[in-house]
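Report on one structure; see the data block that follows.
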Amino acid sequence: ISFPLFIASNMDAARKRTYAFDKIPIVFDIGLRYTKCGYAGEALPRHIVKSPASLVKAIQECENLGPATFGNSLASPEKCFLIFEEFLNYLYYHIIQANPKERPIILCESIMTPRIFTETLAKIMFTKMQVPVVFFVMANSLPLYLTSEKTGIVVESGYLDTTILPIYQEIPITKAFQSVGVGSIHVEKELKQKLIEDNADAAESVRELPFKFFEDLKAKAVSVPTREHEVQREQSDDLAKTLKDTKQKIGRIGDTEIDFFMSAETRLFSTVSLFNPYYSDESNIA
């Protein structure tokens, strides 16, 4: 290519990038269970949609969850590329309804995000979507922007783990970053196990229920007990027996029609795994 043509092509690319910077950036926060998307400068995401089911399917079937579970569960780079290419097309053309070539992209990235996840998204953005520019932002520090505070401790309880990051004068203290291996999926697994115990005669039917059911049940019927309630249950055998024997029939949760029973024990103490002081520091938010 001749030098004048080279200069002209670069000037054209620069004009396109300048035009893109005049547009409000699109923000994507892709999580394991849900993806939030919208426009920068707005107080709330415009849309919250479910992330690709294949992201969490292997995790839900895994018996021993750990820090590397998500990274190990990801498919080959080629398959991962196809999954996210289809998903990003869905976000752009069906949800956000915007031309990816015309706007900068802000991708919220957690410290614990596997490298293959980030690299695949960037590759799709530049090669398939042809976005002008992509900014990667540390998602763990973003909640402070909502409070207009410069210093604080951000605790993010996600689907697979809980992360804790102190921030001082807008600077993340990454050396003090902590990750605890408990999250929403642990509550769902505990809830499933307790529901099997409550319905011993229909244990197989409970095992076949989809994880979506337990997610809905967790949001609509489960509470977090106080430490005083937990101590009372541990010190009184009669109270513990009463909680297990007191059962309520469940007819419908979300889109699932069921005919099961749920004990007071299950309703009140399925979230104990998140805060139980008798657990090790690696599996206890408290």
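Each chain in the structure tokens gets a letter, A, B and so on, in the order shown; residues start at 1 in every chain, and ligands are counted from 1 in the order they appear.
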I'd like the contact shell of Asp201 in chain A - 12 Å cut-off, only C-alpha atoms, skipping same-chain residues fewer than 5 positions apart - returned as an MDAnalysis selection string. chainID A and resid 195:196 206:207 259:261
Residue selection dump (N, CA and C atoms) as a PDB file, in the first residue's frame:
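So again.pdb came out as:
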ATOM      1  N   LEU A 195     -34.816 -29.927  50.973  1.00  0.00           N
ATOM      2  CA  LEU A 195     -36.132 -30.237  50.411  1.00  0.00           C
ATOM      3  C   LEU A 195     -36.261 -31.742  50.142  1.00  0.00           C
ATOM      4  N   ILE A 196     -35.166 -32.390  49.793  1.00  0.00           N
ATOM      5  CA  ILE A 196     -35.173 -33.852  49.630  1.00  0.00           C
ATOM      6  C   ILE A 196     -35.477 -34.523  50.966  1.00  0.00           C
ATOM      7  N   VAL A 206     -37.826 -34.561  43.552  1.00  0.00           N
ATOM      8  CA  VAL A 206     -37.158 -33.321  43.945  1.00  0.00           C
ATOM      9  C   VAL A 206     -35.807 -33.195  43.230  1.00  0.00           C
ATOM     10  N   ARG A 207     -35.084 -34.303  43.119  1.00  0.00           N
ATOM     11  CA  ARG A 207     -33.775 -34.278  42.447  1.00  0.00           C
ATOM     12  C   ARG A 207     -33.892 -33.885  40.979  1.00  0.00           C
ATOM     13  N   ASP A 259     -46.015 -30.443  44.103  1.00  0.00           N
ATOM     14  CA  ASP A 259     -46.845 -30.906  45.212  1.00  0.00           C
ATOM     15  C   ASP A 259     -45.921 -31.421  46.306  1.00  0.00           C
ATOM     16  N   PHE A 260     -45.126 -30.511  46.875  1.00  0.00           N
ATOM     17  CA  PHE A 260     -44.140 -30.889  47.885  1.00  0.00           C
ATOM     18  C   PHE A 260     -44.402 -30.134  49.179  1.00  0.00           C
ATOM     19  N   PHE A 261     -43.668 -30.545  50.216  1.00  0.00           N
ATOM     20  CA  PHE A 261     -43.742 -29.873  51.511  1.00  0.00           C
ATOM     21  C   PHE A 261     -42.392 -29.231  51.831  1.00  0.00           C
TER      22      PHE A 261
END
Neighbour list for range 42-44 of chain A as a ChimeraX atom specification, cut-off 12 Å, only C-alpha atoms, skip fewer than 2 positions in-chain: /A:24-27,36-40,46-48,143,145-147
Output for the residues just chosen: N, CA and C atoms as a compact mmCIF listing (two decimals), in the first residue's frame:
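Result written to again-v3.txt:
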# COMPACT_ATOMS: atom_id res chain seq x y z
N ILE A 24 -22.81 7.77 23.39
CA ILE A 24 -22.78 7.25 24.76
C ILE A 24 -22.38 5.77 24.73
N PRO A 25 -21.39 5.35 25.54
CA PRO A 25 -20.94 3.96 25.51
C PRO A 25 -22.01 2.99 26.02
N ILE A 26 -21.95 1.77 25.51
CA ILE A 26 -22.80 0.68 25.98
C ILE A 26 -22.05 -0.07 27.07
N VAL A 27 -22.75 -0.42 28.14
CA VAL A 27 -22.13 -1.12 29.27
C VAL A 27 -22.67 -2.55 29.33
N LYS A 36 -26.25 -7.81 32.85
CA LYS A 36 -26.85 -6.47 32.90
C LYS A 36 -26.28 -5.64 31.77
N CYS A 37 -27.13 -4.93 31.08
CA CYS A 37 -26.66 -4.09 29.97
C CYS A 37 -27.47 -2.80 29.91
N GLY A 38 -26.82 -1.77 29.40
CA GLY A 38 -27.47 -0.46 29.31
C GLY A 38 -26.47 0.55 28.78
N TYR A 39 -26.70 1.82 29.14
CA TYR A 39 -25.86 2.90 28.64
C TYR A 39 -25.17 3.61 29.79
N ALA A 40 -23.94 4.03 29.56
CA ALA A 40 -23.18 4.76 30.58
C ALA A 40 -23.90 6.05 30.94
N ARG A 46 -30.59 -0.97 31.67
CA ARG A 46 -31.85 -0.97 30.92
C ARG A 46 -32.46 -2.37 30.84
N HIS A 47 -31.59 -3.38 30.85
CA HIS A 47 -32.07 -4.75 30.71
C HIS A 47 -31.24 -5.68 31.60
N ILE A 48 -31.91 -6.67 32.17
CA ILE A 48 -31.25 -7.75 32.89
C ILE A 48 -31.75 -9.05 32.27
N PRO A 143 -19.37 -0.44 42.55
CA PRO A 143 -20.43 -0.02 43.49
C PRO A 143 -20.15 1.28 44.21
N TYR A 145 -19.04 3.98 42.99
CA TYR A 145 -19.44 5.13 42.17
C TYR A 145 -20.90 5.52 42.46
N LEU A 146 -21.72 4.55 42.82
CA LEU A 146 -23.13 4.84 43.09
C LEU A 146 -23.31 5.66 44.36
N THR A 147 -22.36 5.53 45.29
CA THR A 147 -22.46 6.25 46.56
C THR A 147 -21.66 7.53 46.58
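For the set A:Ile106, A:Met262, A:Cys80, A:Ala200, the residue with the smallest atom-to-atom gap to Val131 in chain A is A:Ile106, counting only C-alpha atoms.
The space between CA of Asn89 in chain A and CA of Ser51 in chain A spans 12.8 Å.
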Write out as an MDAnalysis selection string the residues lying within 12 Å of Tyr34 in chain A, counting only C-alpha atoms and excluding same-chain residues fewer than 5 positions away. chainID A and resid 28:29 45 47:53 55:56 158:159
Mind writing the picked residues with all heavy atoms as a CSV table (one decimal), in the first residue's frame?
chain,number,residue,atom,x,y,z
A,28,PHE,N,-21.8,-3.5,29.4
A,28,PHE,CA,-22.1,-4.9,29.6
A,28,PHE,C,-21.5,-5.4,30.9
A,28,PHE,O,-20.3,-5.3,31.1
A,28,PHE,CB,-21.6,-5.8,28.4
A,28,PHE,CG,-22.4,-5.6,27.1
A,28,PHE,CD1,-21.7,-5.4,25.9
A,28,PHE,CD2,-23.7,-5.6,27.1
A,28,PHE,CE1,-22.4,-5.2,24.8
A,28,PHE,CE2,-24.4,-5.4,25.9
A,28,PHE,CZ,-23.7,-5.2,24.7
A,29,ASP,N,-22.3,-6.1,31.7
A,29,ASP,CA,-21.8,-6.7,32.9
A,29,ASP,C,-22.3,-8.2,32.8
A,29,ASP,O,-23.4,-8.5,33.2
A,29,ASP,CB,-22.3,-6.1,34.2
A,29,ASP,CG,-21.7,-6.7,35.4
A,29,ASP,OD1,-20.9,-7.6,35.3
A,29,ASP,OD2,-22.0,-6.2,36.5
A,45,PRO,N,-29.3,-0.4,35.0
A,45,PRO,CA,-29.3,-1.1,33.7
A,45,PRO,C,-30.6,-1.1,33.0
A,45,PRO,O,-31.7,-1.1,33.6
A,45,PRO,CB,-28.9,-2.6,34.1
A,45,PRO,CG,-28.6,-2.6,35.5
A,45,PRO,CD,-29.1,-1.3,36.1
A,47,HIS,N,-31.6,-3.4,30.8
A,47,HIS,CA,-32.1,-4.7,30.7
A,47,HIS,C,-31.2,-5.7,31.6
A,47,HIS,O,-30.0,-5.5,31.8
A,47,HIS,CB,-32.0,-5.2,29.3
A,47,HIS,CG,-32.7,-4.3,28.3
A,47,HIS,ND1,-34.0,-4.4,28.0
A,47,HIS,CD2,-32.2,-3.3,27.5
A,47,HIS,CE1,-34.3,-3.5,27.1
A,47,HIS,NE2,-33.2,-2.8,26.8
A,48,ILE,N,-31.9,-6.7,32.2
A,48,ILE,CA,-31.2,-7.8,32.9
A,48,ILE,C,-31.7,-9.0,32.3
A,48,ILE,O,-32.9,-9.4,32.4
A,48,ILE,CB,-31.5,-7.7,34.4
A,48,ILE,CG1,-31.1,-6.4,35.0
A,48,ILE,CG2,-30.9,-8.9,35.1
A,48,ILE,CD1,-31.4,-6.2,36.5
A,49,VAL,N,-30.9,-9.8,31.6
A,49,VAL,CA,-31.2,-11.0,30.9
A,49,VAL,C,-30.4,-12.2,31.5
A,49,VAL,O,-29.3,-12.0,32.1
A,49,VAL,CB,-31.0,-10.9,29.4
A,49,VAL,CG1,-31.9,-9.8,28.9
A,49,VAL,CG2,-29.6,-10.6,29.1
A,50,LYS,N,-30.9,-13.4,31.2
A,50,LYS,CA,-30.1,-14.5,31.6
A,50,LYS,C,-28.9,-14.8,30.7
A,50,LYS,O,-29.0,-14.6,29.5
A,50,LYS,CB,-31.0,-15.8,31.6
A,50,LYS,CG,-32.0,-15.8,32.7
A,50,LYS,CD,-32.7,-17.1,32.9
A,50,LYS,CE,-33.6,-17.1,34.1
A,50,LYS,NZ,-34.2,-18.5,34.3
A,51,SER,N,-27.8,-15.1,31.4
A,51,SER,CA,-26.6,-15.4,30.6
A,51,SER,C,-26.7,-16.8,30.0
A,51,SER,O,-27.7,-17.5,30.3
A,51,SER,CB,-25.4,-15.4,31.6
A,51,SER,OG,-25.2,-14.2,32.1
A,52,PRO,N,-25.9,-17.2,29.0
A,52,PRO,CA,-26.0,-18.5,28.4
A,52,PRO,C,-26.0,-19.6,29.4
A,52,PRO,O,-25.2,-19.6,30.3
A,52,PRO,CB,-24.7,-18.5,27.5
A,52,PRO,CG,-24.4,-17.1,27.2
A,52,PRO,CD,-24.8,-16.4,28.4
A,53,ALA,N,-27.0,-20.5,29.2
A,53,ALA,CA,-27.2,-21.6,30.2
A,53,ALA,C,-26.0,-22.5,30.3
A,53,ALA,O,-25.7,-23.1,31.3
A,53,ALA,CB,-28.4,-22.4,29.8
A,55,LEU,N,-23.0,-21.7,30.5
A,55,LEU,CA,-22.0,-21.2,31.4
A,55,LEU,C,-22.1,-21.9,32.8
A,55,LEU,O,-21.1,-22.1,33.5
A,55,LEU,CB,-22.1,-19.7,31.6
A,55,LEU,CG,-21.6,-18.8,30.4
A,55,LEU,CD1,-21.8,-17.3,30.8
A,55,LEU,CD2,-20.2,-19.1,30.1
A,56,VAL,N,-23.3,-22.1,33.2
A,56,VAL,CA,-23.5,-22.6,34.6
A,56,VAL,C,-23.9,-24.1,34.7
A,56,VAL,O,-23.9,-24.7,35.8
A,56,VAL,CB,-24.5,-21.8,35.4
A,56,VAL,CG1,-24.0,-20.4,35.6
A,56,VAL,CG2,-25.8,-21.8,34.6
A,158,GLY,N,-21.6,-13.3,44.6
A,158,GLY,CA,-22.1,-13.7,43.3
A,158,GLY,C,-22.6,-15.1,43.3
A,158,GLY,O,-23.0,-15.6,44.4
A,159,TYR,N,-22.7,-15.7,42.2
A,159,TYR,CA,-23.3,-17.0,42.0
A,159,TYR,C,-22.4,-18.1,42.6
A,159,TYR,O,-22.8,-19.1,43.2
A,159,TYR,CB,-23.6,-17.3,40.6
A,159,TYR,CG,-24.5,-18.6,40.4
A,159,TYR,CD1,-25.8,-18.7,40.9
A,159,TYR,CD2,-23.9,-19.7,39.7
A,159,TYR,CE1,-26.5,-19.8,40.7
A,159,TYR,CE2,-24.7,-20.8,39.5
A,159,TYR,CZ,-26.0,-20.9,40.0
A,159,TYR,OH,-26.7,-22.0,39.8
Give me every helix (DSSP H, G or I) residue in range 80-272 of chain A, going by DSSP on the backbone, as a ChimeraX atom specification. /A:80-96,100-102,115-127,139-141,143-147,174-176,184-198,200-207,211-221,227-235,237-245,264-269,272
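Minimum atom-to-atom distances from A:Leu243, A:Leu88, A:Ile153, A:Leu160 to Ser184 in chain A were compared using only C-alpha atoms, and the lowest value belongs to A:Leu160.
Among A:Asn140, A:Val133, A:Phe275, A:Ser76, the residue with the shortest atom-to-atom distance to Pro100 in chain A, counting only C-alpha atoms, is A:Val133.
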List the spatial neighbours of Val187 in chain A as a list of chain:residue names - criterion: any atom at most 8 Å away, only C-alpha atoms, same-chain residues fewer than 4 positions off excluded. A:Gly183, A:Leu191, A:Lys218, A:Ser270, A:Thr271, A:Ser273, A:Leu274
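Coordinates place CA of Pro210 in chain A at a distance of 29.0 Å from CA of Thr242 in chain A.
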Under the rule that only C-alpha atoms are counted, which of A:Val272, A:Ala202, A:Gln178, A:Asp161 is the nearest residue to Val231 in chain A? A:Val272
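Proximity ranking of A:Val222, A:Leu217, A:Leu209, A:Val154 relative to Ile167 in chain A places A:Val154 first, based on only C-alpha atoms.
Backbone DSSP assigns strand (DSSP E or B) in range 141-204 of chain A to Gly152, Ile153, Val154, Val155, Glu156, Ser157, Thr162, Thr163, Ile164, Leu165, Pro166, Ile167, Tyr168, Ile171, Pro172, Gln178, Ser179 and Val180 of chain A.
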Go ahead and save the residues from that selection, with N, CA, C and O atoms, as a short mmCIF file (atom, residue, chain, number, x, y, z; two decimals), in the first residue's frame.
data_model
loop_
_atom_site.label_atom_id
_atom_site.label_comp_id
_atom_site.auth_asym_id
_atom_site.auth_seq_id
_atom_site.Cartn_x
_atom_site.Cartn_y
_atom_site.Cartn_z
N GLY A 152 -13.87 2.74 50.68
CA GLY A 152 -14.84 1.81 51.22
C GLY A 152 -14.41 0.38 51.00
O GLY A 152 -13.36 0.10 50.41
N ILE A 153 -15.23 -0.55 51.47
CA ILE A 153 -15.00 -1.98 51.28
C ILE A 153 -16.17 -2.53 50.47
O ILE A 153 -17.33 -2.39 50.87
N VAL A 154 -15.87 -3.11 49.34
CA VAL A 154 -16.91 -3.64 48.44
C VAL A 154 -17.01 -5.15 48.65
O VAL A 154 -16.03 -5.87 48.46
N VAL A 155 -18.19 -5.60 49.04
CA VAL A 155 -18.46 -7.03 49.20
C VAL A 155 -19.45 -7.43 48.11
O VAL A 155 -20.56 -6.91 48.06
N GLU A 156 -19.03 -8.31 47.24
CA GLU A 156 -19.88 -8.76 46.14
C GLU A 156 -20.16 -10.25 46.28
O GLU A 156 -19.25 -11.07 46.16
N SER A 157 -21.40 -10.59 46.55
CA SER A 157 -21.79 -11.99 46.68
C SER A 157 -22.38 -12.43 45.36
O SER A 157 -23.48 -12.02 44.96
N THR A 162 -17.88 -15.19 46.79
CA THR A 162 -18.05 -13.84 47.34
C THR A 162 -16.68 -13.19 47.40
O THR A 162 -15.72 -13.78 47.89
N THR A 163 -16.59 -11.97 46.87
CA THR A 163 -15.31 -11.26 46.85
C THR A 163 -15.37 -10.02 47.73
O THR A 163 -16.42 -9.38 47.86
N ILE A 164 -14.24 -9.70 48.33
CA ILE A 164 -14.13 -8.54 49.22
C ILE A 164 -12.92 -7.73 48.79
O ILE A 164 -11.80 -8.24 48.73
N LEU A 165 -13.15 -6.45 48.46
CA LEU A 165 -12.07 -5.60 47.97
C LEU A 165 -12.11 -4.23 48.66
O LEU A 165 -13.08 -3.49 48.50
N PRO A 166 -11.09 -3.88 49.43
CA PRO A 166 -11.02 -2.53 50.00
C PRO A 166 -10.51 -1.53 48.96
O PRO A 166 -9.65 -1.85 48.14
N ILE A 167 -11.07 -0.34 49.00
CA ILE A 167 -10.67 0.73 48.06
C ILE A 167 -10.37 1.99 48.86
O ILE A 167 -11.17 2.40 49.70
N TYR A 168 -9.22 2.59 48.58
CA TYR A 168 -8.82 3.81 49.29
C TYR A 168 -8.56 4.91 48.28
O TYR A 168 -7.71 4.78 47.38
N ILE A 171 -8.52 3.99 44.70
CA ILE A 171 -7.50 3.03 44.28
C ILE A 171 -7.78 1.68 44.92
O ILE A 171 -7.78 1.57 46.16
N PRO A 172 -8.05 0.63 44.14
CA PRO A 172 -8.29 -0.70 44.71
C PRO A 172 -7.01 -1.25 45.37
O PRO A 172 -5.93 -1.20 44.78
N GLN A 178 -9.84 -10.43 48.86
CA GLN A 178 -10.16 -11.74 49.40
C GLN A 178 -11.32 -12.36 48.61
O GLN A 178 -12.24 -11.65 48.19
N SER A 179 -11.24 -13.65 48.43
CA SER A 179 -12.31 -14.39 47.76
C SER A 179 -12.74 -15.55 48.65
O SER A 179 -11.90 -16.33 49.12
N VAL A 180 -14.04 -15.64 48.91
CA VAL A 180 -14.59 -16.70 49.76
C VAL A 180 -15.44 -17.62 48.88
O VAL A 180 -16.28 -17.15 48.11
#
